[in-house]
Structure formats: C-alpha cells, structure tokens
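One file, entry.txt, is given below (compact mmCIF, C-alpha atoms).
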# COMPACT_ATOMS: atom_id res chain seq x y z
CA MET A 13 67.15 142.22 148.41
CA ASP A 14 66.49 139.74 145.60
CA ARG A 15 69.82 138.04 144.84
CA LEU A 16 68.58 136.50 141.59
CA LYS A 17 67.49 139.92 140.38
CA GLY A 18 70.87 141.29 141.37
CA VAL A 19 72.60 138.53 139.41
CA GLU A 20 70.55 139.37 136.31
CA TYR A 21 71.26 143.09 136.72
CA PHE A 22 75.00 142.48 137.04
CA LYS A 23 75.04 140.16 134.03
CA ARG A 24 73.47 142.83 131.81
CA ILE A 25 75.68 145.61 133.19
CA TYR A 26 78.67 143.52 132.19
CA GLU A 27 77.29 142.70 128.73
CA LEU A 28 76.07 146.22 127.97
CA GLY A 29 79.00 147.99 129.62
CA SER A 30 76.72 150.58 131.16
CA PHE A 31 74.59 151.16 134.25
CA THR A 32 72.28 153.40 132.23
CA ALA A 33 71.74 150.85 129.46
CA ALA A 34 70.93 148.16 132.02
CA ALA A 35 68.52 150.49 133.82
CA ASP A 36 66.78 151.29 130.52
CA GLU A 37 66.42 147.59 129.69
CA PHE A 38 64.90 146.76 133.07
CA HIS A 39 62.78 149.93 133.16
CA CYS A 40 64.26 151.14 136.42
CA SER A 41 66.53 153.96 137.56
CA ASN A 42 70.32 154.12 137.76
CA ALA A 43 69.90 154.40 141.51
CA VAL A 44 68.21 150.98 141.66
CA ILE A 45 70.97 149.40 139.57
CA SER A 46 73.66 151.02 141.76
CA LYS A 47 71.90 149.82 144.92
CA TYR A 48 71.93 146.22 143.67
CA VAL A 49 75.62 146.44 142.75
CA ARG A 50 76.44 147.66 146.28
CA PHE A 51 74.33 144.80 147.66
CA LEU A 52 76.24 142.25 145.56
CA GLU A 53 79.59 143.72 146.58
CA SER A 54 78.54 143.50 150.24
CA TRP A 55 77.33 139.94 149.73
CA THR A 56 80.53 138.78 148.01
CA GLY A 57 82.84 140.88 150.17
CA SER A 58 84.62 142.13 147.03
CA LYS A 59 84.64 145.20 144.85
CA LEU A 60 83.17 144.12 141.53
CA ILE A 61 83.04 147.31 139.45
CA ASN A 62 85.26 150.37 139.20
CA ARG A 63 83.10 153.32 138.20
CA ASN A 64 83.64 156.98 137.45
CA THR A 65 81.45 159.63 135.86
CA ARG A 66 82.13 158.37 132.32
CA THR A 67 83.23 154.75 132.30
CA ILE A 68 83.06 151.51 134.19
CA SER A 69 85.51 148.64 134.40
CA PHE A 70 85.38 145.27 136.11
CA THR A 71 87.77 144.00 138.72
CA ASP A 72 89.16 140.47 138.60
CA GLU A 73 86.49 139.55 141.13
CA GLY A 74 83.89 141.18 138.89
CA GLU A 75 85.05 139.11 135.91
CA ARG A 76 84.72 135.92 137.95
CA PHE A 77 81.36 137.01 139.31
CA TYR A 78 80.07 137.48 135.74
CA THR A 79 80.97 133.83 135.02
CA TYR A 80 79.03 132.89 138.14
CA CYS A 81 76.06 134.97 136.93
CA LEU A 82 76.04 133.09 133.60
CA SER A 83 76.07 129.77 135.45
CA ILE A 84 73.21 130.79 137.76
CA ASN A 85 71.17 132.14 134.85
CA GLU A 86 71.58 128.98 132.81
CA GLN A 87 70.87 126.64 135.72
CA THR A 88 67.75 128.60 136.64
CA SER A 89 66.45 128.56 133.06
CA GLU A 90 67.25 124.85 132.73
CA MET A 91 65.40 124.05 135.95
CA LEU A 92 62.34 126.07 134.89
CA ASP A 93 62.32 124.41 131.48
CA SER A 94 62.58 120.93 132.97
CA VAL A 95 59.76 121.59 135.42
CA ALA A 96 57.50 122.89 132.63
CA ASP A 97 58.88 120.64 129.88
CA THR A 98 55.45 119.32 128.96
CA GLY A 99 53.72 122.68 129.26
CA ASP A 100 53.42 125.60 126.90
CA LEU A 101 56.42 127.78 126.19
CA SER A 102 56.69 130.90 128.30
CA GLY A 103 59.10 133.71 129.02
CA GLU A 104 60.55 136.12 126.46
CA LEU A 105 62.16 135.01 123.21
CA VAL A 106 64.36 137.65 121.59
CA VAL A 107 64.94 137.19 117.85
CA ALA A 108 67.12 139.31 115.58
CA SER A 109 66.77 139.15 111.80
CA PRO A 110 67.20 141.34 108.70
CA VAL A 111 64.30 143.60 107.78
CA SER A 112 63.59 142.20 104.31
CA LEU A 113 64.00 138.56 105.35
CA SER A 114 61.66 139.16 108.29
CA ILE A 115 58.91 140.77 106.24
CA LYS A 116 59.12 138.68 103.07
CA VAL A 117 59.87 135.22 104.49
CA LEU A 118 59.83 134.92 108.26
CA SER A 119 56.85 137.01 109.38
CA PRO A 120 54.10 134.42 108.75
CA LEU A 121 56.20 131.72 110.44
CA ILE A 122 57.02 133.87 113.47
CA LEU A 123 53.37 134.85 113.87
CA GLN A 124 52.28 131.21 113.54
CA PHE A 125 54.79 130.16 116.20
CA LYS A 126 53.46 132.86 118.51
CA LYS A 127 49.88 131.77 117.86
CA GLU A 128 50.78 128.20 118.80
CA HIS A 129 52.38 129.38 122.04
CA PRO A 130 50.15 132.10 123.50
CA SER A 131 52.08 132.29 126.80
CA LEU A 132 55.31 133.14 125.00
CA SER A 133 56.43 136.75 124.66
CA LEU A 134 58.29 137.62 121.44
CA ARG A 135 60.64 140.56 120.98
CA LEU A 136 61.84 141.11 117.42
CA GLN A 137 64.91 143.15 116.53
CA MET A 138 64.75 143.74 112.78
CA SER A 139 67.92 145.22 111.30
CA ASP A 140 70.19 144.48 108.37
CA GLN A 141 73.17 145.31 110.58
CA LEU A 142 74.96 142.42 112.26
CA THR A 143 73.84 141.98 115.85
CA ASP A 144 75.93 141.52 118.97
CA LEU A 145 73.92 138.66 120.44
CA VAL A 146 75.28 138.93 123.97
CA GLY A 147 75.30 142.72 124.16
CA SER A 148 71.73 143.03 122.91
CA GLY A 149 70.27 140.11 124.84
CA VAL A 150 69.34 138.20 121.67
CA ASP A 151 68.48 134.50 121.98
CA VAL A 152 68.52 133.65 118.27
CA ALA A 153 69.69 135.60 115.22
CA ILE A 154 68.43 134.62 111.76
CA ARG A 155 70.70 135.43 108.81
CA GLY A 156 70.64 134.83 105.07
CA ILE A 157 74.33 134.31 104.35
CA GLU A 158 76.73 132.20 102.30
CA ALA A 159 78.40 130.62 105.32
CA PRO A 160 78.85 131.55 108.99
CA GLU A 161 82.07 133.42 109.76
CA ASP A 162 81.81 134.06 113.50
CA SER A 163 83.32 130.99 115.14
CA SER A 164 82.11 132.13 118.57
CA LEU A 165 78.49 131.39 117.55
CA VAL A 166 76.66 128.14 116.90
CA ALA A 167 75.09 128.16 113.43
CA MET A 168 72.31 125.83 112.30
CA ARG A 169 71.21 125.82 108.65
CA LEU A 170 67.45 126.22 108.29
CA GLY A 171 66.92 126.36 104.53
CA SER A 172 68.01 127.87 101.24
CA LEU A 173 67.65 131.41 99.93
CA ASP A 174 67.96 131.43 96.14
CA ARG A 175 68.92 134.73 94.51
CA ILE A 176 68.03 135.91 91.01
CA LEU A 177 68.65 138.90 88.76
CA VAL A 178 65.66 141.14 88.12
CA ALA A 179 64.91 144.26 86.11
CA SER A 180 61.82 146.18 85.07
CA PRO A 181 60.43 145.93 81.52
CA GLY A 182 60.97 149.69 81.17
CA TYR A 183 64.67 149.48 82.02
CA LEU A 184 65.21 146.57 79.63
CA ALA A 185 63.39 148.39 76.81
CA GLU A 186 65.67 151.39 77.26
CA ALA A 187 69.01 149.77 78.12
CA GLY A 188 68.66 146.48 76.30
CA VAL A 189 68.57 142.93 77.65
CA PRO A 190 71.95 141.52 78.73
CA ALA A 191 72.76 138.26 76.97
CA THR A 192 75.25 136.85 79.50
CA ILE A 193 76.65 137.80 82.88
CA ASP A 194 79.63 139.33 81.05
CA ASP A 195 77.29 142.10 79.87
CA LEU A 196 76.47 143.22 83.42
CA PRO A 197 79.42 145.66 83.83
CA SER A 198 77.91 147.78 81.04
CA HIS A 199 74.53 147.97 82.83
CA GLN A 200 73.28 149.95 85.81
CA CYS A 201 73.45 147.47 88.71
CA LEU A 202 71.90 148.17 92.10
CA VAL A 203 74.01 146.92 94.97
CA TYR A 204 73.09 145.39 98.33
CA SER A 205 75.94 146.66 100.48
CA MET A 206 75.68 144.01 103.23
CA SER A 207 76.49 141.13 100.86
CA PRO A 208 80.08 139.82 100.71
CA ASP A 209 79.80 139.88 96.89
CA ALA A 210 78.36 143.42 96.81
CA LYS A 211 80.81 144.78 94.23
CA ARG A 212 81.58 141.52 92.44
CA TRP A 213 78.46 139.43 91.89
CA GLU A 214 79.21 135.72 92.09
CA PHE A 215 77.52 133.23 89.81
CA LEU A 216 77.30 129.46 89.66
CA LEU A 217 78.09 128.29 86.14
CA SER A 218 75.56 125.99 84.51
CA THR A 219 78.16 123.39 83.52
CA GLY A 220 77.32 121.22 86.52
CA SER A 221 80.93 121.42 87.71
CA GLY A 222 80.17 123.65 90.66
CA GLN A 223 82.50 126.32 89.31
CA THR A 224 81.77 129.96 89.99
CA LYS A 225 82.53 133.20 88.21
CA SER A 226 82.43 136.73 89.58
CA VAL A 227 81.58 139.88 87.65
CA SER A 228 82.33 143.46 88.71
CA VAL A 229 79.21 145.64 88.93
CA ALA A 230 78.41 149.26 89.70
CA GLY A 231 75.43 151.55 89.45
CA PRO A 232 73.49 154.52 90.80
CA LEU A 233 72.33 153.02 94.10
CA VAL A 234 73.95 151.17 97.00
CA ALA A 235 71.68 150.25 99.93
CA ASP A 236 71.73 148.01 102.99
CA ASN A 237 68.11 146.95 102.54
CA SER A 238 66.82 144.66 99.79
CA MET A 239 63.30 146.11 99.80
CA MET A 240 64.74 149.52 98.91
CA LEU A 241 66.61 147.94 96.00
CA ILE A 242 63.45 146.22 94.78
CA GLU A 243 61.59 149.53 94.76
CA ALA A 244 64.45 151.07 92.77
CA VAL A 245 64.32 148.22 90.25
CA LYS A 246 60.58 148.74 89.83
CA LYS A 247 61.27 152.41 89.07
CA GLY A 248 63.57 151.35 86.24
CA LEU A 249 66.87 152.39 87.84
CA GLY A 250 68.71 149.20 86.97
CA ILE A 251 69.31 145.49 87.62
CA ALA A 252 69.45 143.97 91.10
CA MET A 253 70.39 140.63 92.61
CA VAL A 254 67.77 139.73 95.22
CA PRO A 255 66.32 136.62 96.86
CA ARG A 256 63.63 135.04 94.68
CA ASP A 257 61.12 134.95 97.54
CA TYR A 258 61.33 138.72 97.94
CA VAL A 259 60.00 139.41 94.42
CA ALA A 260 57.51 136.56 93.91
CA ALA A 261 54.55 138.97 93.67
CA GLU A 262 56.32 141.28 91.21
CA LEU A 263 57.36 138.38 88.98
CA GLY A 264 53.81 137.05 88.96
CA ALA A 265 52.41 140.47 88.07
CA GLY A 266 55.01 141.08 85.38
CA THR A 267 56.29 144.30 86.96
CA LEU A 268 59.73 142.67 87.21
CA GLN A 269 61.43 140.18 84.92
CA HIS A 270 63.80 137.38 85.88
CA LEU A 271 67.00 137.64 83.85
CA LYS A 272 68.35 134.22 82.94
CA LEU A 273 71.87 134.77 81.65
CA GLY A 274 73.23 131.23 81.52
CA ALA A 275 74.37 131.36 85.15
CA GLU A 276 72.48 131.85 88.40
CA PRO A 277 73.71 133.80 91.44
CA VAL A 278 75.38 131.70 94.10
CA PRO A 279 72.57 130.94 96.58
CA ARG A 280 72.57 131.88 100.22
CA SER A 281 71.41 129.79 103.16
CA ILE A 282 69.23 130.81 106.08
CA TYR A 283 70.96 130.14 109.39
CA ALA A 284 69.88 130.33 112.99
CA MET A 285 72.77 131.59 115.11
CA TYR A 286 73.11 131.69 118.86
CA SER A 287 75.79 132.08 121.50
CA ASP A 288 78.09 129.15 122.02
CA ARG A 289 76.71 128.21 125.39
CA ARG A 290 76.15 124.87 127.06
CA TYR A 291 72.46 125.49 127.41
CA LEU A 292 69.91 126.99 125.04
CA PRO A 293 66.44 127.75 126.49
CA ARG A 294 63.69 125.41 125.42
CA ARG A 295 61.72 128.25 123.80
CA ALA A 296 64.72 129.02 121.56
CA ARG A 297 65.32 125.34 120.74
CA GLU A 298 61.71 124.82 119.71
CA PHE A 299 61.65 128.04 117.68
CA ILE A 300 64.71 126.93 115.71
CA GLN A 301 63.22 123.49 115.14
CA PHE A 302 59.94 125.06 113.99
CA LEU A 303 61.79 127.15 111.41
CA ARG A 304 63.78 124.11 110.20
CA MET A 305 60.56 122.22 109.58
CA SER A 306 58.82 125.21 107.94
CA LEU A 307 61.43 126.68 105.62

Produce structure tokens that represent the structure in this file.
Amino acid sequence: MDRLKGVEYFKRIYELGSFTAAADEFHCSNAVISKYVRFLESWTGSKLINRNTRTISFTDEGERFYTYCLSINEQTSEMLDSVADTGDLSGELVVASPVSLSIKVLSPLILQFKKEHPSLSLRLQMSDQLTDLVGSGVDVAIRGIEAPEDSSLVAMRLGSLDRILVASPGYLAEAGVPATIDDLPSHQCLVYSMSPDAKRWEFLLSTGSGQTKSVSVAGPLVADNSMMLIEAVKKGLGIAMVPRDYVAAELGAGTLQHLKLGAEPVPRSIYAMYSDRRYLPRRAREFIQFLRMSL
C-alpha cells in the first residue's frame, strides 16, 4: 500500500477527529480509510487509534505518529517546491475568507492570481465564521480585523480596511441627520455581530491625538454578514458601520450617504493568517505576497 497516502489519511483523521470526515474529504469509503489505518498500525507495530461505534481517540503512539506525519508532509512539500521552484505553481491552495470581503475586495485579486497560475487549483471557503485552519485543511485565512488574537497563528498585515457610517437618503429624511457620534444612540443602528465593537461602535477622534471614543448602539437588525446590512441600509432601516470599499458603488450612485460626524470609525486591517509551522508551501507564500502588493 502507498505509505505516503496512508500518512496523509492519518494526518487528516487526527485533525478532523473522524474516519467519516476524512473519507468524505478524500472521496473514498470508510473501509478504505480503516484499511490504511490497519496498514499503518502493522507497519509501525503499534496501535495508533482507539475506535468504537461513536468516537475515536489516539494512543500515545498515535500522537507521536501524527507529529511524524506533519514532518513527512512538510518535507515532501518542501522538496516538491524546491524541485519546481522556477516553474509554475501547482497543487491545491485552500483559502478561507469572509463572504463580503471576498466578493467586494478579494474576488478580482484571487481570480487574477489564478489566471497567472493556470496549473494551480484554488478552493475557497467563504464564511464570516472564524475558521479552524488545521481542522478544515486551510492554507491561508484572510480576515478584516483590528488585530490578531490567536497567538497560535502567524498573522501578516496585507492592507487597511477603512470603515464609514452610511445611511439612505430616505432614512435621514425621516429620522433626521445625526450631528455627532453622540447622537447615534437615538438612531436605528444596524449591527455587524462578528465585530468586537458590535454593540459599542469605536471611533477615532479627529484631534490627531489618536484617542478613541465608543458609543453604545442598538437597532432592528443584527447580522453576521455585511452585505445583508448594506441591503437593509438601502431599504431605509437605519445606519450601519461598514467598510468603505463595500459601498463604493452605492456612494457613487447616491443611494447611500456617508455620514461624517466629526469622528471616523476605527479602521480595520486585512491580515493573512496561517498555522504556525516551520514551512509554508510556496503557493501560499506567493499568494500572500501577491495580496500584499495588490491591496
């Protein structure tokens, strides 16, 4: 049997915690996965996995064998990259990013990168939920955040993501135009639930001192997707804080108005995040560098 394939199967069983999930990912049956595990246990002379009808657990030997699998996987990828270092990128690049950021900002860049590397296969996981990079097999996660919090990941800043307040002309005609950020608590504010300042919007004061001020907000809609909030703003449901790039077309057409209240929302940065490993595949390194140069 193919030992390298068995190593890859075992690695994903460990990371996914499931024979079935690994079988689904590799488009094979549970029986094939089980056969490879028995082969590896025979090869190593050790029981690697304890399994019953509902759960699996890993023996001490299985834990050590997973570390070995990581080492083999990295060394193999490094060797292949070094052999083909002057050639086109190949293999599969798995990228996770939020839905709105992907569609409004990243999509033309991702498609351009793919066009420049026709032998590369791209798999995109678009979700506003935070992604378990190891468990989902993600090479690079792109996030628009204030600052990285997960110390187990390497984070590289790619660019800025300025946020602004927007409302529709209809809403402002009916509810009035706020004069300062202190007026926001008396307005209908639409909340992006995934933001750390979801319930208390944070603003950078225009004094040049770098000081910030937060304002409590509430309203008729809380959502984990910025595009949904933008649609709600266009319908006149209230005021939203969204990245400027997401509403460029609406601002140009006049369907939304930028509210300048003497203070601008604290900006976010776009980060590339990946597992804290010794080796990052060349295709992931070049993708990150491409985004740094493009954003």

As a check of understanding: the span from atom CA of A:Asn237 to atom CA of A:Val150 is 21.1 Å

(Q) Which residues are near stretch 72-81 of chain A? Cut-off 12 Å, only C-alpha atoms, ignore same chain within fewer than 3 positions. Put them as number ranges by chain. (A) A: 15-27, 49, 52-53, 55-62, 68-69, 84-88, 289

From the list A:Ser180, A:Ser226, A:Ser148, A:Ser306, the nearest residue to A:Leu249 using only C-alpha atoms is A:Ser180

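Counting only C-alpha atoms and comparing A:Tyr183, A:Tyr258, A:Phe38, A:Phe302, the residue that lies closest to A:Gln200 is A:Tyr183.
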
Padding 3 Å on each side, edges along x, y and z: where is the centre of the box around the listed atoms of stretch 209-227 of chain A, and how long are its edges in Å to one decimal? Output it as JSON.
{"center_x": 79.0, "center_y": 133.0, "center_z": 90.2, "size_x": 13.0, "size_y": 29.6, "size_z": 19.4}

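What separates atom CA of A:Gly156 from atom CA of A:Val203 is a distance of 16.1 Å.
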
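For A:Glu128, the list of residues within 12 Å, based on all atoms listed in the file and with local chain neighbours fewer than 3 positions off taken out, reads Asp100, Leu101, Ser102, Leu121, Ile122, Leu123, Gln124, Phe125, Ser131, Leu132, Ser133, Glu298, Phe299 and Phe302 of chain A.
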
Close residues, A:Pro279 itself excluded, 6 Å, all atoms listed in the file, min 5 positions apart in chain, as an NGL selection string: :A and (173-175)

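For the choices A:Val234, A:Met240, A:Leu28, A:Ala191, the atom-to-atom distance to A:Val111 is smallest for A:Met240 when using all atoms listed in the file.
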
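For the set A:Gln301, A:Ser205, A:Ser83, A:Ser30, the residue with the smallest atom-to-atom gap to A:Tyr283 is A:Gln301, counting only C-alpha atoms.
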
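Atom CA of A:Arg50 is positioned 14.1 Å from atom CA of A:Thr71.
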